[in-house]
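Structure data (mmCIF, C-alpha atoms and all ligand atoms) from data-v6.cif:
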```cif
data_my_file
#
loop_
_atom_site.label_atom_id
_atom_site.label_comp_id
_atom_site.auth_asym_id
_atom_site.auth_seq_id
_atom_site.Cartn_x
_atom_site.Cartn_y
_atom_site.Cartn_z
CA MET A 1 37.57 -24.04 12.60
CA ASN A 2 35.14 -21.19 13.11
CA ILE A 3 32.67 -21.43 10.21
CA ARG A 4 31.51 -17.97 9.10
CA LYS A 5 31.29 -18.11 5.32
CA ILE A 6 29.37 -20.77 3.41
CA GLY A 7 29.34 -21.50 -0.32
CA VAL A 8 26.21 -23.08 -1.81
CA ILE A 9 26.49 -24.61 -5.28
CA GLY A 10 23.22 -24.83 -7.22
CA ALA A 11 20.52 -22.16 -6.82
CA GLY A 12 17.50 -24.39 -7.57
CA ILE A 13 14.80 -25.67 -5.21
CA MET A 14 17.26 -26.96 -2.60
CA GLY A 15 20.26 -24.63 -3.04
CA SER A 16 18.11 -21.52 -2.60
CA GLY A 17 16.51 -23.04 0.52
CA ILE A 18 19.88 -23.98 2.02
CA ALA A 19 21.26 -20.50 1.27
CA GLN A 20 18.20 -18.99 2.98
CA VAL A 21 18.51 -20.98 6.22
CA ALA A 22 22.26 -20.33 6.37
CA ALA A 23 21.82 -16.56 5.83
CA GLN A 24 18.98 -16.48 8.39
CA ALA A 25 21.33 -18.14 10.88
CA GLY A 26 23.79 -15.26 10.42
CA PHE A 27 26.35 -16.89 8.10
CA LYS A 28 27.76 -15.07 5.08
CA VAL A 29 26.57 -17.02 2.07
CA ILE A 30 27.66 -17.08 -1.54
CA LEU A 31 25.25 -18.84 -3.92
CA ARG A 32 26.60 -20.19 -7.19
CA ASP A 33 24.86 -21.47 -10.33
CA ILE A 34 25.90 -21.85 -13.96
CA ASN A 35 24.35 -18.63 -15.27
CA GLN A 36 23.23 -15.30 -13.86
CA ASP A 37 19.51 -15.90 -14.56
CA LEU A 38 19.55 -19.04 -12.40
CA VAL A 39 21.43 -17.21 -9.61
CA ASP A 40 18.95 -14.31 -9.77
CA HIS A 41 16.01 -16.72 -9.75
CA GLY A 42 17.37 -18.42 -6.58
CA LEU A 43 17.94 -15.07 -4.83
CA ALA A 44 14.46 -13.83 -5.87
CA LYS A 45 12.89 -16.97 -4.39
CA ILE A 46 14.59 -16.27 -1.06
CA ARG A 47 13.43 -12.62 -1.09
CA ASN A 48 9.91 -13.81 -1.87
CA ASN A 49 9.92 -16.29 1.05
CA LEU A 50 11.16 -13.57 3.42
CA GLU A 51 8.50 -11.12 2.21
CA LYS A 52 5.80 -13.78 2.81
CA ASP A 53 7.11 -14.18 6.37
CA LYS A 54 6.90 -10.39 6.81
CA SER A 55 3.29 -10.33 5.62
CA LYS A 56 2.51 -12.89 8.35
CA GLY A 57 4.21 -10.66 10.95
CA LYS A 58 7.13 -13.10 11.37
CA ARG A 59 9.84 -10.71 10.13
CA THR A 60 10.59 -7.00 10.08
CA GLU A 61 11.97 -4.99 7.18
CA GLU A 62 15.26 -4.60 9.12
CA GLY A 63 15.40 -8.38 9.70
CA ILE A 64 14.98 -9.02 5.98
CA LYS A 65 17.67 -6.44 5.14
CA SER A 66 20.18 -8.07 7.45
CA ILE A 67 19.48 -11.54 5.97
CA LEU A 68 19.81 -10.24 2.39
CA ASN A 69 22.99 -8.48 3.43
CA ASN A 70 24.44 -11.92 4.25
CA LEU A 71 23.74 -13.20 0.72
CA GLU A 72 25.52 -12.79 -2.57
CA GLY A 73 25.31 -14.61 -5.87
CA THR A 74 27.97 -15.62 -8.38
CA VAL A 75 28.58 -17.72 -11.48
CA ASN A 76 32.30 -18.13 -10.72
CA ILE A 77 33.45 -21.04 -8.61
CA SER A 78 36.63 -19.05 -7.84
CA ASP A 79 34.46 -16.69 -5.72
CA LEU A 80 34.05 -19.56 -3.25
CA THR A 81 37.78 -19.62 -2.45
CA SER A 82 37.39 -17.99 0.97
CA CYS A 83 34.47 -20.21 2.12
CA HIS A 84 34.93 -22.24 5.30
CA TYR A 85 32.25 -24.71 4.22
CA ALA A 86 30.89 -25.55 0.74
CA ILE A 87 27.52 -27.29 0.33
CA GLU A 88 26.70 -28.68 -3.12
CA ALA A 89 23.03 -28.82 -4.20
CA ALA A 90 23.32 -29.15 -7.97
CA VAL A 91 21.52 -31.59 -10.22
CA GLU A 92 21.43 -35.28 -9.05
CA LYS A 93 23.94 -36.59 -11.60
CA ILE A 94 27.13 -38.07 -10.24
CA SER A 95 29.24 -36.86 -13.20
CA ILE A 96 28.16 -33.24 -12.57
CA LYS A 97 28.72 -33.51 -8.82
CA LYS A 98 32.21 -34.94 -9.37
CA GLU A 99 33.09 -32.14 -11.78
CA ILE A 100 31.91 -29.52 -9.27
CA PHE A 101 34.00 -31.01 -6.46
CA ARG A 102 37.10 -31.32 -8.67
CA GLU A 103 36.79 -27.58 -9.32
CA LEU A 104 36.03 -26.76 -5.69
CA ASP A 105 38.98 -28.82 -4.48
CA LYS A 106 41.28 -26.65 -6.60
CA ALA A 107 39.53 -23.37 -5.68
CA CYS A 108 39.27 -23.79 -1.88
CA GLY A 109 42.00 -23.95 0.74
CA PRO A 110 42.71 -27.33 2.39
CA GLU A 111 40.83 -26.34 5.56
CA THR A 112 37.43 -25.93 3.78
CA PHE A 113 34.82 -28.61 4.55
CA PHE A 114 32.73 -30.08 1.72
CA ALA A 115 29.19 -31.48 1.81
CA THR A 116 26.86 -32.85 -0.83
CA ASN A 117 23.08 -32.61 -0.59
CA THR A 118 22.67 -35.66 -2.85
CA SER A 119 19.41 -37.55 -2.37
CA GLY A 120 21.09 -40.93 -2.47
CA LEU A 121 24.31 -41.15 -4.50
CA SER A 122 27.49 -42.52 -2.93
CA VAL A 123 29.14 -39.92 -0.70
CA THR A 124 32.34 -41.99 -0.76
CA GLU A 125 32.48 -42.01 -4.55
CA ILE A 126 31.93 -38.25 -4.87
CA ALA A 127 34.42 -37.51 -2.05
CA GLY A 128 36.97 -39.65 -3.91
CA VAL A 129 37.54 -37.00 -6.58
CA THR A 130 38.82 -34.56 -3.94
CA GLY A 131 42.07 -34.56 -2.04
CA ARG A 132 40.12 -34.25 1.24
CA PRO A 133 37.69 -37.19 1.58
CA HIS A 134 38.12 -36.94 5.39
CA LYS A 135 36.57 -33.42 5.25
CA PHE A 136 33.64 -34.54 3.09
CA ILE A 137 30.13 -35.54 4.26
CA GLY A 138 26.56 -36.02 3.02
CA MET A 139 24.30 -33.24 4.34
CA HIS A 140 20.84 -34.21 3.14
CA PHE A 141 18.21 -31.50 3.61
CA PHE A 142 14.48 -31.94 2.96
CA ASN A 143 12.17 -29.92 0.76
CA PRO A 144 11.03 -27.21 1.48
CA VAL A 145 14.27 -26.47 3.33
CA PRO A 146 13.03 -23.42 5.30
CA VAL A 147 10.22 -25.59 6.75
CA MET A 148 11.53 -29.14 7.12
CA LYS A 149 13.43 -29.75 10.37
CA LEU A 150 15.51 -32.76 9.36
CA VAL A 151 18.99 -33.14 7.92
CA GLU A 152 20.43 -36.61 7.36
CA LEU A 153 24.18 -36.68 8.00
CA VAL A 154 25.81 -39.35 5.89
CA LYS A 155 29.37 -40.46 6.57
CA GLY A 156 31.51 -41.50 3.63
CA ALA A 157 34.14 -44.22 4.10
CA LYS A 158 36.80 -41.62 4.99
CA THR A 159 34.76 -38.88 6.72
CA ASP A 160 36.54 -38.08 10.00
CA ALA A 161 35.12 -37.38 13.45
CA ASN A 162 35.97 -33.66 13.28
CA THR A 163 33.92 -33.26 10.09
CA VAL A 164 30.94 -35.00 11.71
CA LYS A 165 31.27 -32.79 14.80
CA THR A 166 31.64 -29.53 12.84
CA THR A 167 28.70 -30.43 10.58
CA THR A 168 26.48 -31.43 13.51
CA THR A 169 27.10 -28.02 15.08
CA LEU A 170 26.37 -26.28 11.78
CA ILE A 171 23.05 -28.14 11.41
CA LYS A 172 22.07 -26.99 14.92
CA ASP A 173 23.06 -23.41 14.04
CA PHE A 174 20.75 -23.67 11.00
CA GLY A 175 17.91 -24.57 13.41
CA LYS A 176 17.71 -28.14 12.10
CA GLU A 177 17.93 -31.58 13.69
CA ALA A 178 20.33 -34.24 12.49
CA ILE A 179 20.00 -37.97 12.20
CA PHE A 180 23.10 -40.04 11.49
CA VAL A 181 23.01 -42.67 8.78
CA GLU A 182 25.54 -44.94 7.19
CA GLU A 183 26.14 -44.66 3.50
CA ALA A 184 23.71 -46.81 1.49
CA PRO A 185 21.76 -46.05 -1.70
CA LEU A 186 19.20 -43.33 -0.79
CA PHE A 187 20.29 -43.37 2.89
CA ALA A 188 17.38 -43.93 5.33
CA VAL A 189 14.47 -41.56 4.69
CA ASN A 190 14.44 -41.62 0.87
CA ARG A 191 14.90 -45.42 0.89
CA ILE A 192 11.48 -45.55 2.55
CA LEU A 193 9.79 -42.49 1.04
CA VAL A 194 10.78 -42.58 -2.64
CA PRO A 195 9.61 -46.18 -3.40
CA MET A 196 6.24 -45.11 -1.92
CA LEU A 197 6.08 -42.18 -4.37
CA ASN A 198 7.08 -44.54 -7.22
CA GLU A 199 4.33 -46.99 -6.15
CA ALA A 200 1.73 -44.20 -6.23
CA MET A 201 2.73 -43.63 -9.87
CA PHE A 202 2.16 -47.34 -10.63
CA VAL A 203 -1.30 -47.09 -9.01
CA LEU A 204 -2.07 -44.16 -11.32
CA MET A 205 -0.54 -45.81 -14.41
CA GLU A 206 -2.51 -49.01 -13.84
CA GLY A 207 -5.77 -47.02 -13.73
CA ILE A 208 -6.52 -48.09 -10.14
CA ALA A 209 -7.42 -44.55 -9.02
CA SER A 210 -7.20 -40.96 -10.27
CA ALA A 211 -4.32 -38.69 -9.20
CA GLU A 212 -6.74 -36.69 -7.03
CA ASP A 213 -8.09 -39.80 -5.30
CA ILE A 214 -4.62 -41.31 -4.73
CA ASP A 215 -3.54 -38.08 -3.05
CA LYS A 216 -6.79 -37.71 -1.13
CA GLY A 217 -6.44 -41.32 0.00
CA MET A 218 -2.94 -40.87 1.41
CA HIS A 219 -3.80 -37.47 2.91
CA LEU A 220 -6.97 -38.57 4.69
CA GLY A 221 -6.21 -42.26 5.11
CA ALA A 222 -2.57 -42.12 6.17
CA ASN A 223 -2.41 -38.52 7.46
CA HIS A 224 0.32 -37.46 5.03
CA PRO A 225 0.40 -33.64 4.80
CA ILE A 226 0.08 -33.83 1.00
CA GLY A 227 -0.47 -36.80 -1.28
CA PRO A 228 2.40 -38.68 -2.98
CA LEU A 229 1.74 -37.31 -6.49
CA ALA A 230 1.56 -33.69 -5.29
CA LEU A 231 4.74 -34.34 -3.30
CA SER A 232 6.44 -35.82 -6.38
CA ASP A 233 5.55 -32.65 -8.31
CA MET A 234 7.07 -30.59 -5.48
CA VAL A 235 10.31 -32.59 -5.39
CA GLY A 236 10.73 -32.56 -9.20
CA LEU A 237 10.11 -35.61 -11.39
CA ASP A 238 13.59 -35.43 -12.97
CA THR A 239 15.15 -35.61 -9.50
CA LEU A 240 12.88 -38.51 -8.51
CA LEU A 241 13.81 -40.45 -11.65
CA PHE A 242 17.54 -39.94 -10.95
CA VAL A 243 16.94 -41.15 -7.39
CA MET A 244 14.90 -44.23 -8.39
CA ASP A 245 17.49 -45.07 -11.05
CA THR A 246 20.20 -44.96 -8.35
CA LEU A 247 18.24 -47.34 -6.12
CA TYR A 248 17.55 -49.75 -8.95
CA GLU A 249 21.07 -49.67 -10.41
CA GLU A 250 22.73 -50.07 -7.00
CA THR A 251 20.54 -52.97 -5.86
CA ARG A 252 19.45 -54.58 -9.15
CA ASP A 253 16.29 -55.49 -7.25
CA SER A 254 13.23 -55.40 -9.54
CA LYS A 255 11.04 -54.13 -6.72
CA TYR A 256 12.85 -50.78 -7.17
CA ARG A 257 12.25 -50.40 -10.94
CA PRO A 258 11.27 -46.79 -11.74
CA CYS A 259 7.66 -46.49 -12.86
CA PRO A 260 7.52 -46.17 -16.69
CA LEU A 261 5.03 -43.31 -16.31
CA LEU A 262 7.69 -41.35 -14.39
CA ARG A 263 10.23 -41.84 -17.19
CA LYS A 264 7.64 -40.88 -19.79
CA MET A 265 6.78 -37.64 -17.97
CA VAL A 266 10.44 -36.69 -17.58
CA ARG A 267 11.06 -37.33 -21.29
CA ALA A 268 8.12 -35.02 -22.06
CA GLY A 269 9.65 -32.28 -19.87
CA ASN A 270 6.75 -32.43 -17.40
CA LEU A 271 8.90 -32.18 -14.28
CA GLY A 272 6.29 -30.98 -11.76
CA LYS A 273 5.92 -27.58 -10.13
CA LYS A 274 9.21 -26.26 -11.48
CA THR A 275 8.02 -26.55 -15.10
CA GLY A 276 4.33 -25.82 -14.39
CA GLN A 277 3.17 -29.33 -15.35
CA GLY A 278 3.52 -32.65 -13.61
CA PHE A 279 0.74 -34.86 -12.25
CA TYR A 280 -1.06 -31.53 -11.78
CA ASN A 281 -1.05 -28.27 -13.73
CA TYR A 282 0.42 -25.21 -11.97
CA SER A 283 -0.11 -22.49 -14.60
N1 LIG B 1 9.38 -22.49 1.00
C1 LIG B 1 9.26 -21.89 2.19
N2 LIG B 1 8.17 -22.04 2.99
C2 LIG B 1 7.17 -22.81 2.53
C3 LIG B 1 7.22 -23.46 1.29
C4 LIG B 1 8.39 -23.28 0.50
N3 LIG B 1 8.55 -23.87 -0.69
N4 LIG B 1 6.07 -24.17 1.12
C5 LIG B 1 5.32 -23.96 2.21
N5 LIG B 1 5.98 -23.15 3.07
C6 LIG B 1 5.53 -22.69 4.38
C7 LIG B 1 4.30 -21.82 4.25
O1 LIG B 1 4.66 -20.47 4.01
C8 LIG B 1 3.65 -22.00 5.61
O2 LIG B 1 4.33 -21.20 6.57
P1 LIG B 1 3.56 -20.63 7.88
O3 LIG B 1 3.36 -21.80 8.79
O4 LIG B 1 4.55 -19.65 8.40
O5 LIG B 1 2.29 -20.00 7.39
C9 LIG B 1 3.95 -23.46 5.96
O6 LIG B 1 5.07 -23.83 5.13
C10 LIG B 1 2.78 -24.35 5.65
O7 LIG B 1 2.42 -24.16 4.27
P2 LIG B 1 0.96 -24.17 3.69
O8 LIG B 1 -0.02 -23.78 4.77
O9 LIG B 1 0.93 -23.39 2.44
O10 LIG B 1 0.73 -25.66 3.19
P3 LIG B 1 0.88 -27.02 3.99
O11 LIG B 1 0.30 -26.95 5.34
O12 LIG B 1 0.42 -28.09 3.04
O13 LIG B 1 2.45 -27.19 4.18
C11 LIG B 1 4.34 -28.33 3.38
C12 LIG B 1 3.31 -27.25 3.10
C13 LIG B 1 5.21 -27.94 4.58
C14 LIG B 1 5.18 -28.45 2.13
C15 LIG B 1 3.56 -29.67 3.70
O14 LIG B 1 2.66 -29.92 2.67
C16 LIG B 1 4.48 -30.85 3.86
O15 LIG B 1 5.10 -31.03 4.90
N6 LIG B 1 4.58 -31.67 2.82
C17 LIG B 1 5.47 -32.84 2.82
C18 LIG B 1 6.90 -32.37 2.59
C19 LIG B 1 7.84 -33.53 2.48
O16 LIG B 1 7.51 -34.69 2.64
N7 LIG B 1 9.09 -33.19 2.13
C20 LIG B 1 10.11 -34.18 1.87
C21 LIG B 1 10.27 -34.34 0.36
S1 LIG B 1 11.48 -35.58 -0.04
C22 LIG B 1 12.92 -34.79 0.15
O17 LIG B 1 13.01 -33.62 0.39
C23 LIG B 1 14.17 -35.63 0.00
C24 LIG B 1 14.69 -35.84 -1.34
O18 LIG B 1 15.93 -36.09 -1.44
C25 LIG B 1 13.86 -35.88 -2.58
P1 LIG B 2 16.93 -28.14 -9.23
O1 LIG B 2 16.76 -28.74 -10.57
O2 LIG B 2 15.85 -27.30 -8.66
O3 LIG B 2 18.27 -27.28 -9.16
C1 LIG B 2 19.51 -27.78 -9.56
C2 LIG B 2 20.37 -26.58 -9.89
O4 LIG B 2 21.72 -27.02 -10.06
C3 LIG B 2 19.95 -25.90 -11.20
O5 LIG B 2 19.70 -24.53 -10.96
C4 LIG B 2 21.17 -26.11 -12.10
O6 LIG B 2 21.42 -25.05 -13.01
C5 LIG B 2 22.27 -26.20 -11.05
N1 LIG B 2 23.53 -26.72 -11.57
C6 LIG B 2 23.74 -27.69 -12.48
N2 LIG B 2 25.08 -27.85 -12.70
C7 LIG B 2 25.70 -26.95 -11.90
C8 LIG B 2 27.05 -26.60 -11.68
N3 LIG B 2 28.04 -27.22 -12.34
N4 LIG B 2 27.34 -25.63 -10.78
C9 LIG B 2 26.34 -25.01 -10.11
N5 LIG B 2 25.04 -25.29 -10.28
C10 LIG B 2 24.73 -26.25 -11.17
O7 LIG B 2 17.25 -29.37 -8.26
P2 LIG B 2 17.04 -29.49 -6.68
O8 LIG B 2 15.71 -30.06 -6.44
O9 LIG B 2 17.45 -28.20 -6.03
O10 LIG B 2 18.10 -30.64 -6.33
C11 LIG B 2 19.46 -30.34 -6.09
C12 LIG B 2 20.09 -31.49 -5.32
O11 LIG B 2 19.39 -31.65 -4.08
C13 LIG B 2 20.01 -32.84 -6.04
O12 LIG B 2 21.15 -33.58 -5.72
C14 LIG B 2 18.76 -33.47 -5.41
O13 LIG B 2 18.75 -34.87 -5.49
C15 LIG B 2 18.90 -32.99 -3.98
N6 LIG B 2 17.66 -32.95 -3.22
C16 LIG B 2 16.50 -32.57 -3.80
C17 LIG B 2 15.33 -32.53 -3.05
C18 LIG B 2 14.02 -32.11 -3.66
O14 LIG B 2 12.98 -32.34 -3.04
N7 LIG B 2 14.00 -31.48 -4.82
C19 LIG B 2 15.38 -32.84 -1.69
C20 LIG B 2 16.61 -33.20 -1.10
C21 LIG B 2 17.75 -33.26 -1.87
#
```
This structure in structure tokens:
Amino acid sequence: MNIRKIGVIGAGIMGSGIAQVAAQAGFKVILRDINQDLVDHGLAKIRNNLEKDKSKGKRTEEGIKSILNNLEGTVNISDLTSCHYAIEAAVEKISIKKEIFRELDKACGPETFFATNTSGLSVTEIAGVTGRPHKFIGMHFFNPVPVMKLVELVKGAKTDANTVKTTTTLIKDFGKEAIFVEEAPLFAVNRILVPMLNEAMFVLMEGIASAEDIDKGMHLGANHPIGPLALSDMVGLDTLLFVMDTLYEETRDSKYRPCPLLRKMVRAGNLGKKTGQGFYNYS
């Protein structure tokens, strides 16, 4: 099938980034969230990114207009009916993702492909609520989406070869590179990265070093572009807790227990950059 129109569900950190790269690549994109403010916020973030590119001489006004012309927002899942491909980037809770795909399965024609941007939940389990598990795949982007080159492609138990092929082509069209991983809790990259972020929180909680020195240490001593606590704030502490909980619950291995400090911060609503307060203050 010739993919021309893409639905993106969730207009937060990841959904807005995915919508941006798809619109930049010339696809028609419809971005959906649960209320108009959230949709508008996602679209405004894209406009802001494009304006920043223009100020660096990387885009023209005409270029921006043509990208924005490819984008529309909605709160109605029924507006995604004519999409050839739907990519879900809503909150990392399996019950919410299943509900979204039940609705999408009813709204979209049988030829539409489905992907989830989950950070580590079971692709097979989510696909199982649809009548098209063969047309369902994990398409795991990295934050910030307009910058990070990688997408992990995760096959569910019933994902067919045509879905892998179509999705691989789409990833290339987005200007990204794919790696192929088998389904497993957190896939490949997050299985390695997220326990490291969790460990940095233990180092902080145990009073071994300050947040600034932990981040400076990993930046200067391990050449990470930013330290693990600043990165955690960028990802979102609620998302990281969902992801650590998945790893722990799926493996029951105590080495993957979420850091209590992470849970405490999420309970306090200090979710990182998106709320203005995490390990650092962003106000
Ligand atoms: N959206 C769009 N562009 C952004 C951006 C954003 N949110 N943040 C930064 N950029 C762009 C900047 O505009 C800048 O662009 P130019 O090169 O055109 O000037 C470029 O990125 C570099 O930015 P900065 O100079 O401001 O800062 P930096 O050099 O520290 O780079 C960074 C920022 C790219 C985020 C870098 O710090 C980095 O690579 N950090 C690590 C990111 C990472 O590990 N991501 C994975 C998170 S885990 C995940 O995504 C999986 C999951 O399931 C949780
Ligand atoms: P976010 O909190 O920034 O945004 C989530 C959005 O989903 C919110 O705007 C919320 O209103 C919306 N939403 C909730 N229920 C919805 C529904 N029924 N229909 C449409 N939208 C709905 O979260 P995020 O960081 O963008 O994460 C989204 C997904 O991407 C999660 O599965 C997460 O694990 C994954 N992910 C996140 C990162 C990251 O670094 N933040 C990286 C890779 C993958």
Practice item. Could you tell me, counting all atoms listed in the file, which protein and nucleic acid residues lie no more than 6 Å from ligand LIG 1 (chain B), written as number ranges by chain? Key: A: 49, 119, 142-144, 146-147, 225-226, 235
Exercise for review: Name the residues in contact with Gly26 (chain A) at a cut-off of 10 Å, using all atoms listed in the file, excluding same-chain residues fewer than 4 positions from it; report them as a list in words.
Suggested key: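 Those residues are Arg4, Lys5, Val21, Ala22, Ser66, Ile67, Asn69, Asn70, Leu71, Asp173 and Phe174 of chain A.
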Check your understanding: Which polymer residues have any atom within 12 Å of an atom of Ile179 (chain A), counting all atoms listed in the file, with same-chain residues fewer than 6 positions away left out, as a PyMOL selection string?
Key -> chain A and resi 138-141+149-155+164+167-168+171-172+187-189
Centre, edges in Å (one decimal): axis-aligned box, region 164-169 of chain A, 6 Å padding on all six sides, as AutoDock Vina command-line options:
```
--center_x 29.1 --center_y -31.5 --center_z 12.8 --size_x 17.2 --size_y 19.0 --size_z 16.5
```
**Study point:** For CA of Glu99 (chain A) and CA of Leu247 (chain A), the interatomic separation in Å (one decimal)
**Key:**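 These atoms are spaced 22.0 Å apart.
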Review point. Region 37-46 of chain A: which residues within 8 Å, counting all atoms listed in the file, same-chain residues fewer than 3 positions away excluded, as a PyMOL selection string?
Key: chain A and resi 11-13+15-17+20+31-34+49-50+73-75
Practice item. Kindly give the distance, in Å, that separates atom C2 of ligand LIG 2 (chain B) and CA of Leu197 (chain A), rounded to a single decimal. Key: 21.9 Å
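Considering the residues A:Ile208, A:Leu271, A:Ile100, A:Ile214 and counting all atoms listed in the file, ligand LIG 2 (chain B) has its shortest atom-to-atom contact with A:Ile100.
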Practice item. May I have the protein, DNA and RNA residues with any atom at most 6 Å from the point (27.5, -26.1, -5.1), counting all atoms listed in the file, written as a VMD selection string? Key: chain A and resid 8 to 10 87 to 90
Check your understanding: From the list A:Asn48, A:Thr159, A:Thr246, A:Asn281, which residue is nearest ligand LIG 2 (chain B) when using only C-alpha atoms and all ligand atoms?
Key ->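 For ligand LIG 2 (chain B), the nearest of the candidates is A:Thr246.
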Practice item. Go through A:Lys135, A:Lys158, A:Arg252, A:Arg102 and flag the residue nearest ligand LIG 2 (chain B), using all atoms listed in the file for the distances. Key: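 Closest residue, counting all atoms listed in the file: A:Arg102.
Comparing the minimum interatomic distances between Gly131 (chain A) and each of A:Leu262, A:Cys108, A:Val91, A:Leu240, counting only C-alpha atoms, we find that A:Cys108 sits nearest.
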Review point. Which one is closest to ligand LIG 2 (chain B): A:Val203, A:Val194, A:Ala157, A:Ala222? Count all atoms listed in the file.
Key: A:Val194
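One finds atom O14 of ligand LIG 2 (chain B) at 16.0 Å from CA of Gln277 (chain A).
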Check your understanding: From the set A:Ser55, A:Thr275, A:Thr251, A:Thr124, which residue has the shortest atom-to-atom contact distance to ligand LIG 2 (chain B), counting all atoms listed in the file?
Key -> A:Thr275
**Study point:** Neighbour list for Ile6 (chain A) as a list in words, cut-off 9 Å, all atoms listed in the file, skip fewer than 3 positions in-chain
**Key:**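 Listed by chain and then number, they are Ile3, Ala19, Ala22, Ala23, Phe27, Lys28, Val29, Ile30, Leu31, Leu80, Ser82, Cys83, His84, Tyr85, Ala86 and Ile87 of chain A.
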Practice item. Write out as a VMD selection string which residues come within 12 Å of Ser95 (chain A) when counting all atoms listed in the file, dropping same-chain ones fewer than 6 positions away. Key: chain A and resid 101 to 102 121 to 122 125 to 126 129
Check your understanding: Do you know which residues lie at most 10 Å from (4.7, -31.0, -6.9), with coordinates as in the file and all atoms listed in the file counted, and could you write them as a PyMOL selection string?
Key -> chain A and resi 226-237+271-282
